[in-house]
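Source file: data.txt; contents: compact mmCIF, C-alpha atoms.
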# COMPACT_ATOMS: atom_id res chain seq x y z
CA MET A 365 110.79 131.07 74.71
CA ASN A 366 113.09 130.75 77.71
CA VAL A 367 111.62 128.29 80.23
CA ARG A 368 113.19 128.65 83.67
CA PHE A 369 112.82 125.07 84.92
CA GLU A 370 114.81 125.85 88.07
CA ARG A 371 112.05 128.25 89.19
CA TRP A 372 109.21 125.76 88.76
CA PRO A 373 109.14 124.58 92.40
CA GLU A 374 108.71 128.11 93.78
CA ARG A 375 106.15 128.97 91.09
CA VAL A 376 104.08 125.90 91.92
CA THR A 377 104.29 126.31 95.71
CA GLY A 378 103.54 130.02 95.37
CA TRP A 379 100.51 129.54 93.09
CA GLU A 380 97.15 130.30 94.72
CA PRO A 381 94.01 128.51 93.50
CA PRO A 382 91.09 130.75 92.53
CA ALA A 383 88.72 131.92 95.25
CA GLY A 384 85.79 129.55 95.63
CA TRP A 385 87.76 126.35 95.15
CA ARG A 386 87.65 123.93 98.06
CA ARG A 387 91.11 123.27 99.50
CA VAL A 388 91.75 120.16 101.60
CA LEU A 389 95.10 119.48 103.25
CA ALA A 390 96.04 115.83 103.60
CA VAL A 391 98.94 113.62 104.52
CA ASP A 392 98.99 110.30 102.67
CA ALA A 393 100.39 107.13 104.20
CA HIS A 394 100.10 103.37 104.01
CA THR A 395 99.84 100.80 106.78
CA GLU A 396 101.36 97.48 105.71
CA GLY A 397 100.25 98.34 102.16
CA GLU A 398 96.75 99.70 102.84
CA PRO A 399 96.38 103.40 101.92
CA LEU A 400 95.35 106.09 104.38
CA ARG A 401 94.62 109.69 103.41
CA VAL A 402 94.65 111.73 106.64
CA ILE A 403 92.56 114.90 106.25
CA VAL A 404 94.07 117.51 108.58
CA ALA A 405 92.30 120.66 107.29
CA GLY A 406 89.54 121.67 104.90
CA PHE A 407 86.78 119.24 105.92
CA PRO A 408 83.83 121.07 107.54
CA ASP A 409 83.39 120.79 111.30
CA LEU A 410 81.07 117.96 112.26
CA ALA A 411 78.34 118.57 114.82
CA GLY A 412 77.74 116.13 117.65
CA ASP A 413 78.69 115.20 121.18
CA SER A 414 79.97 111.73 120.22
CA MET A 415 81.89 110.28 117.28
CA LEU A 416 78.76 108.35 116.30
CA ASP A 417 76.91 111.70 116.20
CA LYS A 418 79.67 113.10 113.98
CA ARG A 419 79.48 110.04 111.73
CA ARG A 420 75.73 110.61 111.32
CA ALA A 421 76.36 114.28 110.48
CA ALA A 422 79.00 113.36 107.90
CA ARG A 423 76.71 110.80 106.25
CA ALA A 424 73.81 113.28 106.13
CA ARG A 425 75.68 116.37 104.92
CA TYR A 426 79.09 115.58 103.46
CA ASP A 427 78.84 112.35 101.51
CA GLU A 428 79.61 114.17 98.26
CA LEU A 429 82.84 115.49 99.78
CA ARG A 430 83.75 111.97 100.88
CA ARG A 431 83.32 110.79 97.30
CA SER A 432 85.43 113.68 96.04
CA LEU A 433 88.29 112.72 98.36
CA MET A 434 88.06 108.93 98.00
CA TRP A 435 86.90 108.30 94.43
CA GLU A 436 88.59 109.01 91.12
CA PRO A 437 90.10 111.28 89.89
CA ARG A 438 91.53 112.32 93.30
CA GLY A 439 91.48 108.82 94.74
CA HIS A 440 90.61 105.33 93.53
CA ALA A 441 88.24 102.44 94.25
CA ASP A 442 90.38 101.15 97.13
CA MET A 443 91.30 104.50 98.71
CA TYR A 444 90.80 104.88 102.45
CA GLY A 445 90.65 108.09 104.47
CA CYS A 446 90.56 109.60 107.93
CA ILE A 447 89.12 112.95 109.00
CA VAL A 448 90.90 114.31 112.07
CA GLY A 449 89.09 116.65 114.43
CA PRO A 450 88.65 117.54 118.09
CA PRO A 451 88.26 114.70 120.61
CA VAL A 452 85.02 113.97 122.45
CA THR A 453 86.54 112.39 125.58
CA PRO A 454 89.10 113.85 128.01
CA GLU A 455 91.67 111.10 127.49
CA ALA A 456 91.87 111.51 123.70
CA HIS A 457 94.13 113.82 121.68
CA VAL A 458 91.94 113.73 118.54
CA GLY A 459 88.73 112.39 117.12
CA ALA A 460 88.99 110.24 113.98
CA LEU A 461 86.27 109.50 111.47
CA PHE A 462 87.30 106.92 108.87
CA MET A 463 85.91 106.74 105.33
CA HIS A 464 86.17 104.59 102.21
CA ASN A 465 84.54 104.04 98.82
CA GLY A 466 81.16 103.15 100.31
CA GLY A 467 80.73 105.47 103.29
CA PHE A 468 82.04 106.19 106.78
CA SER A 469 83.49 103.45 109.00
CA THR A 470 82.92 102.81 112.70
CA MET A 471 86.55 101.83 113.40
CA CYS A 472 89.74 101.02 111.48
CA GLY A 473 92.83 99.29 112.82
CA HIS A 474 95.18 100.10 109.94
CA GLY A 475 93.85 103.65 110.18
CA ILE A 476 94.77 103.93 113.86
CA ILE A 477 98.34 102.78 113.12
CA GLY A 478 98.64 105.14 110.16
CA LEU A 479 97.07 108.09 111.96
CA ALA A 480 99.33 107.71 115.02
CA THR A 481 102.35 107.59 112.70
CA VAL A 482 101.27 110.75 110.86
CA LEU A 483 100.45 112.67 114.05
CA VAL A 484 103.84 111.92 115.62
CA GLU A 485 106.09 112.12 112.55
CA CYS A 486 104.54 115.40 111.40
CA GLY A 487 104.98 116.90 114.88
CA LEU A 488 101.24 117.27 115.55
CA ILE A 489 101.84 115.28 118.76
CA GLU A 490 105.23 115.81 120.36
CA ALA A 491 107.62 112.85 120.42
CA ASN A 492 109.23 113.47 123.81
CA GLY A 493 110.48 109.93 124.38
CA PRO A 494 110.94 106.50 122.82
CA GLU A 495 107.21 105.73 123.14
CA VAL A 496 104.43 108.24 122.60
CA ARG A 497 100.84 107.76 123.77
CA VAL A 498 98.18 108.78 121.24
CA GLY A 499 94.55 108.82 122.40
CA ILE A 500 91.99 108.57 119.58
CA ASP A 501 88.19 108.76 119.76
CA SER A 502 86.50 106.63 117.09
CA PRO A 503 82.79 105.93 116.50
CA ALA A 504 83.32 102.47 118.02
CA GLY A 505 84.91 103.93 121.16
CA PHE A 506 88.15 105.23 122.65
CA ILE A 507 91.41 103.78 121.30
CA GLU A 508 94.81 104.10 122.98
CA ALA A 509 97.79 103.80 120.65
CA ARG A 510 101.48 103.70 121.49
CA ALA A 511 103.95 104.86 118.84
CA ARG A 512 107.51 103.57 119.12
CA VAL A 513 109.90 106.37 118.12
CA ALA A 514 113.54 106.10 117.02
CA ALA A 515 115.80 109.11 117.66
CA ALA A 516 113.00 111.02 119.46
CA GLY A 517 113.59 114.77 119.72
CA THR A 518 115.88 114.95 116.67
CA PRO A 519 115.12 115.99 113.07
CA GLY A 520 115.55 112.35 112.02
CA SER A 521 113.04 110.89 114.47
CA ARG A 522 110.82 108.17 113.03
CA VAL A 523 107.89 106.08 114.15
CA THR A 524 109.03 102.49 113.76
CA ARG A 525 105.93 100.63 114.99
CA VAL A 526 102.52 101.37 116.53
CA ARG A 527 100.49 99.17 118.84
CA PHE A 528 96.98 99.97 120.01
CA THR A 529 94.42 98.63 122.44
CA ASN A 530 91.20 98.11 120.53
CA VAL A 531 87.61 98.20 121.75
CA PRO A 532 86.35 94.96 123.36
CA SER A 533 85.87 92.38 120.62
CA PHE A 534 83.45 89.47 120.72
CA VAL A 535 82.01 86.50 118.88
CA ALA A 536 78.39 86.83 117.79
CA GLY A 537 78.16 83.30 116.36
CA LEU A 538 80.32 80.25 115.61
CA ASP A 539 79.74 77.68 112.86
CA LEU A 540 76.87 79.57 111.29
CA SER A 541 75.88 78.94 107.68
CA VAL A 542 74.14 80.79 104.88
CA ASP A 543 73.05 80.11 101.30
CA VAL A 544 75.27 82.13 98.94
CA ARG A 545 74.21 82.87 95.38
CA GLY A 546 76.10 80.66 92.93
CA VAL A 547 78.07 78.95 95.69
CA GLY A 548 75.66 77.05 97.93
CA ARG A 549 75.80 76.67 101.69
CA VAL A 550 78.79 78.47 103.24
CA ARG A 551 79.90 78.12 106.87
CA TYR A 552 81.12 81.23 108.68
CA ASP A 553 81.90 82.68 112.09
CA LEU A 554 80.56 86.13 112.97
CA ALA A 555 82.69 88.39 115.17
CA TYR A 556 83.05 92.06 116.06
CA GLY A 557 86.35 93.93 116.40
CA GLY A 558 85.11 97.49 115.96
CA ALA A 559 83.03 96.30 113.00
CA PHE A 560 81.32 93.00 112.21
CA TYR A 561 82.87 90.47 109.81
CA ALA A 562 81.87 87.07 108.46
CA TYR A 563 84.96 84.84 108.72
CA VAL A 564 85.16 82.10 106.08
CA ASP A 565 87.72 79.31 105.63
CA ALA A 566 89.24 80.01 102.20
CA THR A 567 89.77 76.32 101.41
CA ALA A 568 86.06 75.62 102.03
CA VAL A 569 85.20 77.83 99.05
CA ALA A 570 88.19 76.66 96.96
CA LEU A 571 89.90 80.04 97.21
CA ARG A 572 93.65 80.67 97.11
CA LEU A 573 94.62 83.78 99.09
CA GLU A 574 97.02 85.14 96.49
CA ALA A 575 97.10 88.40 94.53
CA ALA A 576 96.34 86.53 91.29
CA GLU A 577 92.95 85.57 92.80
CA HIS A 578 92.02 89.21 93.50
CA ASP A 579 88.95 89.36 91.27
CA ARG A 580 87.54 86.09 92.56
CA ILE A 581 88.23 87.13 96.16
CA VAL A 582 86.23 90.33 95.57
CA ASP A 583 83.36 88.48 93.88
CA LEU A 584 83.03 85.82 96.59
CA GLY A 585 83.50 88.34 99.38
CA ARG A 586 80.70 90.51 98.04
CA ARG A 587 78.32 87.58 97.58
CA ILE A 588 78.93 86.23 101.09
CA LYS A 589 78.52 89.67 102.65
CA GLU A 590 75.26 90.20 100.74
CA ALA A 591 73.92 86.80 101.82
CA VAL A 592 74.78 87.21 105.53
CA GLN A 593 73.53 90.79 105.74
CA SER A 594 70.26 89.74 104.10
CA ALA A 595 69.68 86.52 106.05
CA ALA A 596 71.06 87.38 109.50
CA PRO A 597 72.22 90.99 109.91
CA PRO A 598 74.41 91.47 112.99
CA VAL A 599 73.09 93.24 116.07
CA HIS A 600 75.34 95.20 118.39
CA PRO A 601 74.05 95.22 121.98
CA GLU A 602 75.06 98.81 122.68
CA SER A 603 74.34 100.76 119.49
CA GLU A 604 72.13 100.25 116.46
CA ASP A 605 74.66 102.26 114.40
CA LEU A 606 77.28 99.52 114.94
CA GLY A 607 74.96 96.70 113.83
CA PHE A 608 75.86 96.03 110.21
CA LEU A 609 78.13 93.60 108.38
CA TYR A 610 81.23 95.51 107.24
CA GLY A 611 82.85 92.74 105.25
CA THR A 612 83.92 89.17 104.61
CA ILE A 613 87.28 87.89 105.84
CA PHE A 614 88.79 84.84 104.20
CA VAL A 615 91.16 82.93 106.48
CA GLY A 616 93.87 80.66 105.12
CA GLU A 617 97.27 79.17 105.74
CA ALA A 618 100.22 81.51 106.19
CA HIS A 619 102.84 81.66 103.47
CA ASP A 620 105.56 82.57 105.98
CA PRO A 621 106.32 79.92 108.63
CA ASP A 622 106.70 82.72 111.21
CA SER A 623 103.04 83.69 110.75
CA HIS A 624 99.98 82.00 112.22
CA SER A 625 97.63 82.46 109.25
CA ARG A 626 96.54 84.77 106.45
CA ASN A 627 93.61 87.24 106.45
CA VAL A 628 92.08 88.73 103.32
CA CYS A 629 89.22 91.16 103.93
CA VAL A 630 86.67 92.33 101.36
CA PHE A 631 84.81 95.28 102.87
CA ALA A 632 82.70 98.34 101.98
CA ASP A 633 81.85 98.26 98.25
CA GLY A 634 84.20 95.46 97.19
CA GLU A 635 87.41 96.95 98.62
CA VAL A 636 90.23 94.53 99.35
CA ASP A 637 92.32 95.41 102.39
CA ARG A 638 96.02 95.34 101.56
CA SER A 639 96.82 95.01 105.27
CA PRO A 640 95.76 92.08 107.51
CA THR A 641 92.87 94.30 108.81
CA GLY A 642 93.30 95.46 112.42
CA THR A 643 89.63 95.18 113.36
CA GLY A 644 89.54 91.84 111.55
CA VAL A 645 92.50 90.47 113.51
CA SER A 646 90.73 91.66 116.68
CA GLY A 647 87.72 89.55 115.73
CA ARG A 648 90.05 86.63 115.01
CA LEU A 649 91.46 86.91 118.54
CA ALA A 650 87.92 86.76 119.92
CA ILE A 651 87.13 83.66 117.83
CA HIS A 652 90.31 81.81 118.84
CA HIS A 653 89.75 82.72 122.50
CA ALA A 654 86.14 81.50 122.35
CA ARG A 655 87.34 78.19 120.87
CA GLY A 656 89.95 77.79 123.60
CA GLU A 657 92.82 78.23 121.14
CA LEU A 658 94.22 81.46 122.65
CA ALA A 659 94.52 82.44 126.30
CA VAL A 660 95.05 85.88 127.84
CA GLY A 661 98.60 86.93 126.95
CA ASP A 662 98.80 84.79 123.81
CA ALA A 663 99.68 86.39 120.48
CA ILE A 664 99.50 85.52 116.79
CA ARG A 665 101.01 87.08 113.66
CA VAL A 666 98.58 87.37 110.75
CA GLU A 667 99.54 87.97 107.11
CA SER A 668 97.81 90.08 104.48
CA LEU A 669 97.33 89.33 100.78
CA LEU A 670 100.69 91.07 100.26
CA GLY A 671 102.44 89.10 102.99
CA THR A 672 102.68 92.11 105.31
CA THR A 673 101.75 91.39 108.92
CA PHE A 674 99.98 92.56 112.08
CA ASP A 675 100.69 91.11 115.51
CA GLY A 676 97.60 90.50 117.63
CA ARG A 677 97.57 89.77 121.35
CA VAL A 678 94.79 89.00 123.85
CA LEU A 679 95.34 91.51 126.66
CA GLY A 680 92.36 90.55 128.79
CA THR A 681 88.66 89.79 128.87
CA ALA A 682 85.51 91.88 129.17
CA ARG A 683 81.80 91.77 128.42
CA VAL A 684 79.78 93.59 125.77
CA GLY A 685 76.12 93.16 126.63
CA GLU A 686 75.53 89.41 126.85
CA HIS A 687 78.72 88.61 124.94
CA ALA A 688 82.02 87.46 126.47
CA ALA A 689 84.71 89.64 124.88
CA VAL A 690 88.47 90.03 124.68
CA ILE A 691 90.61 93.15 124.85
CA PRO A 692 92.81 93.01 121.74
CA GLU A 693 96.16 94.65 121.11
CA ILE A 694 97.20 95.08 117.47
CA GLU A 695 100.64 96.13 116.24
CA GLY A 696 102.03 97.07 112.83
CA ARG A 697 103.89 99.66 110.77
CA ALA A 698 102.93 102.66 108.64
CA PHE A 699 104.85 104.91 106.26
CA ILE A 700 104.12 108.44 105.04
CA THR A 701 103.90 108.58 101.24
CA GLY A 702 103.03 112.20 100.51
CA ARG A 703 101.41 115.48 101.51
CA ASN A 704 98.68 116.95 99.36
CA GLU A 705 96.62 120.04 98.96
CA ILE A 706 93.58 118.53 97.27
CA LEU A 707 91.68 121.02 95.15
CA ILE A 708 88.03 120.85 94.10
CA ASP A 709 86.97 123.27 91.38
CA PRO A 710 83.19 123.87 91.71
CA GLU A 711 82.94 124.04 87.90
CA ASP A 712 84.54 120.60 87.48
CA PRO A 713 81.79 118.27 86.19
CA LEU A 714 83.55 115.39 88.01
CA ALA A 715 84.01 117.28 91.28
CA CYS A 716 82.06 114.63 93.21
CA GLY A 717 84.15 111.80 91.80
CA PHE A 718 83.43 108.58 89.96
CA LEU A 719 84.48 104.93 90.08
CA LEU A 720 85.45 102.61 87.23
CA ARG A 721 86.12 98.94 87.94
Representation of the structure as structure tokens:
Amino acid sequence: MNVRFERWPERVTGWEPPAGWRRVLAVDAHTEGEPLRVIVAGFPDLAGDSMLDKRRAARARYDELRRSLMWEPRGHADMYGCIVGPPVTPEAHVGALFMHNGGFSTMCGHGIIGLATVLVECGLIEANGPEVRVGIDSPAGFIEARARVAAAGTPGSRVTRVRFTNVPSFVAGLDLSVDVRGVGRVRYDLAYGGAFYAYVDATAVALRLEAAEHDRIVDLGRRIKEAVQSAAPPVHPESEDLGFLYGTIFVGEAHDPDSHSRNVCVFADGEVDRSPTGTGVSGRLAIHHARGELAVGDAIRVESLLGTTFDGRVLGTARVGEHAAVIPEIEGRAFITGRNEILIDPEDPLACGFLLR
């Protein structure tokens, strides 16, 4: 049989899936190592006047589709995604609903950097100068990103870095402690940067923030999150939907002398962030400001488990309910890794996905 290998690309791109299959168009990227699957078409429209309304609608009606797109065999246990849709405020270009292995997020810093990169590099927002403003509505609030563009207006234009102004971030408690199963009493700080995190000194729990410690990082992160959420669940002064503990962040010494420190975040259902965690760095800025260690205008560079970095800066101060807050700016890089038409055959017994750990 004569196999015409040279015609395979046109045969594959010209093939049409059977009627009745769900087709989802996505652009895949990573932000400093953390994956981001940007869903640009094929996810049902979400009802609601706010992004929190849309998050509620997604949780109530489309959780199976989330699992299909995030879990195996189309994703993996540490996949992260973003559904792009219409904005809900006049200043935004798009609305963004983030998702992961355990549900739908309220905000995501690495996701903002990755989404802005995808929108500009794919031409969905025109790059008409060296810096492009991208307004994004998230469930936590409006986010303004600025994408730095090299060779804007040419076929070779690239987004080199993205910085964004996050929602006001605040400390909910310093030097708190909780009994953790199998560990004992653990001290932590509680802060919000678009989501709540318990911040724990890695040395206090005899943890090395290295890739070889991955399994132990996950185990301890899960146990601490479970203990804090059970004993003292966070409360957000403006929305009950924002009042939950998203994860545990272990803080340790930087490996690079140019960095301030290292962040390793265990969030959702035992996911480990490969980036330094944009919302987590925002909470760090709030903690350091509350302790008098950072002033308005000061910046720090924070490493991830991989050694990749985000730059965080205190732009100003604000208030969230009774809490003194800071306005954080986070900066990092993202890279497009692929474009996918994800297919879901309704007869596939694993259409809704599965996870193996």
What is the atom CA of A:Pro450-atom CA of A:Val496 distance in Å, reported with one decimal?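 Interatomic distance, atom CA of A:Pro450 to atom CA of A:Val496: 18.9 Å.
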Could you state the separation of atom CA of A:Ile476 and atom CA of A:Ile500 in Å, given to one decimal place? 7.9 Å
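Coordinates place atom CA of A:Thr612 at a distance of 5.8 Å from atom CA of A:Lys589.
Across A:Ala591, A:Ile706, A:Cys472, A:Ala480, the tightest approach to A:Ile403 is made by A:Ile706 when counting all atoms listed in the file.
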Here is a test: counting all atoms listed in the file, which residue of A:Ile651, A:Val482, A:Ala618, A:Val452 is nearest to A:Asp539?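 Among the listed residues, A:Ile651 lies closest to A:Asp539.
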So, counting all atoms listed in the file, which residue among A:Ile694, A:Ala393, A:Val535, A:Leu669 is closest to A:Ala511? A:Ile694
Within 8 Å of A:Ser432, counting all atoms listed in the file, which residues show up once you throw out same-chain ones fewer than 4 positions away? Write them as a ChimeraX atom specification, please. /A:428,436,438-439,708,715-717
Env of A:Ser469: 12 Å cut, atoms = only C-alpha atoms, seq-sep filter 3 positions within chain, self excluded. Answer as a VMD selection string. chain A and resid 415 to 416 418 to 420 422 to 423 430 444 to 447 460 to 466 472 to 473 475 502 to 504 558 to 560 605 to 611 631 to 632 643
Just checking: using all atoms listed in the file, which residue out of A:Ala568, A:Leu649, A:Val513, A:Ala411 ends up closest to A:Gly680?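 When distances to A:Gly680 are compared using all atoms listed in the file, the smallest one comes from A:Leu649.
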Write out as a list of chain:residue names the residues lying within 6 Å of A:Ser533, counting only C-alpha atoms and excluding same-chain residues fewer than 4 positions away.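 Selected residues are A:Tyr556, A:Gly557, A:Gly647, A:Ala689, A:Val690.
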Counting all atoms listed in the file, figure out which residue out of A:Arg401, A:Arg386, A:Arg648, A:Arg368 gets nearest to A:Ala555.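 Using all atoms listed in the file, A:Ala555 sits closest to A:Arg648.
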Point (102.8, 108.0, 105.3), cut-off 8 Å, counting all atoms listed in the file, residues as a count of residues only: 14
From the set A:Asp553, A:Asp622, A:Asp633, A:Glu577, which residue has the shortest atom-to-atom contact distance to A:Glu590, counting all atoms listed in the file?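 Closest to A:Glu590, using all atoms listed in the file: A:Asp633.
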For A:Arg527: contacts at 6 Å, only C-alpha atoms, fewer than 3 positions along chain excluded, given as a list in words: Ala509, Arg510, Ile694 and Glu695 of chain A
If we count all atoms listed in the file, what is near A:Thr567 at a cut-off of 12 Å, once residues fewer than 4 positions away on the same chain are taken out, given as a list in words? Val550, Arg551, Leu571, Arg572, Leu573, Phe614, Val615, Gly616, Glu617 and Arg626 of chain A
Since the input is missing atoms for stretch 684-699 of chain A, could you rebuild it with N, CA and C atoms and give the result as a CSV table (one decimal), keeping the file's coordinate frame?
chain,number,residue,atom,x,y,z
A,684,VAL,N,80.5,92.6,126.6
A,684,VAL,CA,79.8,93.6,125.8
A,684,VAL,C,78.3,93.1,125.7
A,685,GLY,N,77.5,93.7,126.5
A,685,GLY,CA,76.1,93.2,126.6
A,685,GLY,C,76.2,91.7,127.1
A,686,GLU,N,75.5,90.8,126.4
A,686,GLU,CA,75.5,89.4,126.8
A,686,GLU,C,76.7,88.6,126.3
A,687,HIS,N,77.6,89.3,125.6
A,687,HIS,CA,78.7,88.6,124.9
A,687,HIS,C,80.0,88.7,125.8
A,688,ALA,N,80.7,87.5,125.9
A,688,ALA,CA,82.0,87.5,126.5
A,688,ALA,C,82.9,88.1,125.4
A,689,ALA,N,83.9,88.9,125.8
A,689,ALA,CA,84.7,89.6,124.9
A,689,ALA,C,86.2,89.6,125.3
A,690,VAL,N,87.0,89.9,124.4
A,690,VAL,CA,88.5,90.0,124.7
A,690,VAL,C,88.9,91.5,124.4
A,691,ILE,N,90.0,91.9,125.1
A,691,ILE,CA,90.6,93.2,124.8
A,691,ILE,C,91.8,92.9,123.9
A,692,PRO,N,91.7,93.3,122.7
A,692,PRO,CA,92.8,93.0,121.7
A,692,PRO,C,93.9,94.1,121.7
A,693,GLU,N,95.1,93.7,121.4
A,693,GLU,CA,96.2,94.6,121.1
A,693,GLU,C,96.7,94.3,119.7
A,694,ILE,N,96.8,95.3,118.8
A,694,ILE,CA,97.2,95.1,117.5
A,694,ILE,C,98.4,95.9,117.2
A,695,GLU,N,99.4,95.4,116.5
A,695,GLU,CA,100.6,96.1,116.2
A,695,GLU,C,101.1,96.0,114.8
A,696,GLY,N,101.5,97.1,114.2
A,696,GLY,CA,102.0,97.1,112.8
A,696,GLY,C,102.8,98.3,112.5
A,697,ARG,N,103.1,98.5,111.2
A,697,ARG,CA,103.9,99.7,110.8
A,697,ARG,C,103.1,100.5,109.7
A,698,ALA,N,103.5,101.8,109.7
A,698,ALA,CA,102.9,102.7,108.6
A,698,ALA,C,104.0,103.6,108.1
A,699,PHE,N,103.9,104.1,106.9
A,699,PHE,CA,104.8,104.9,106.3
A,699,PHE,C,104.2,106.1,105.5
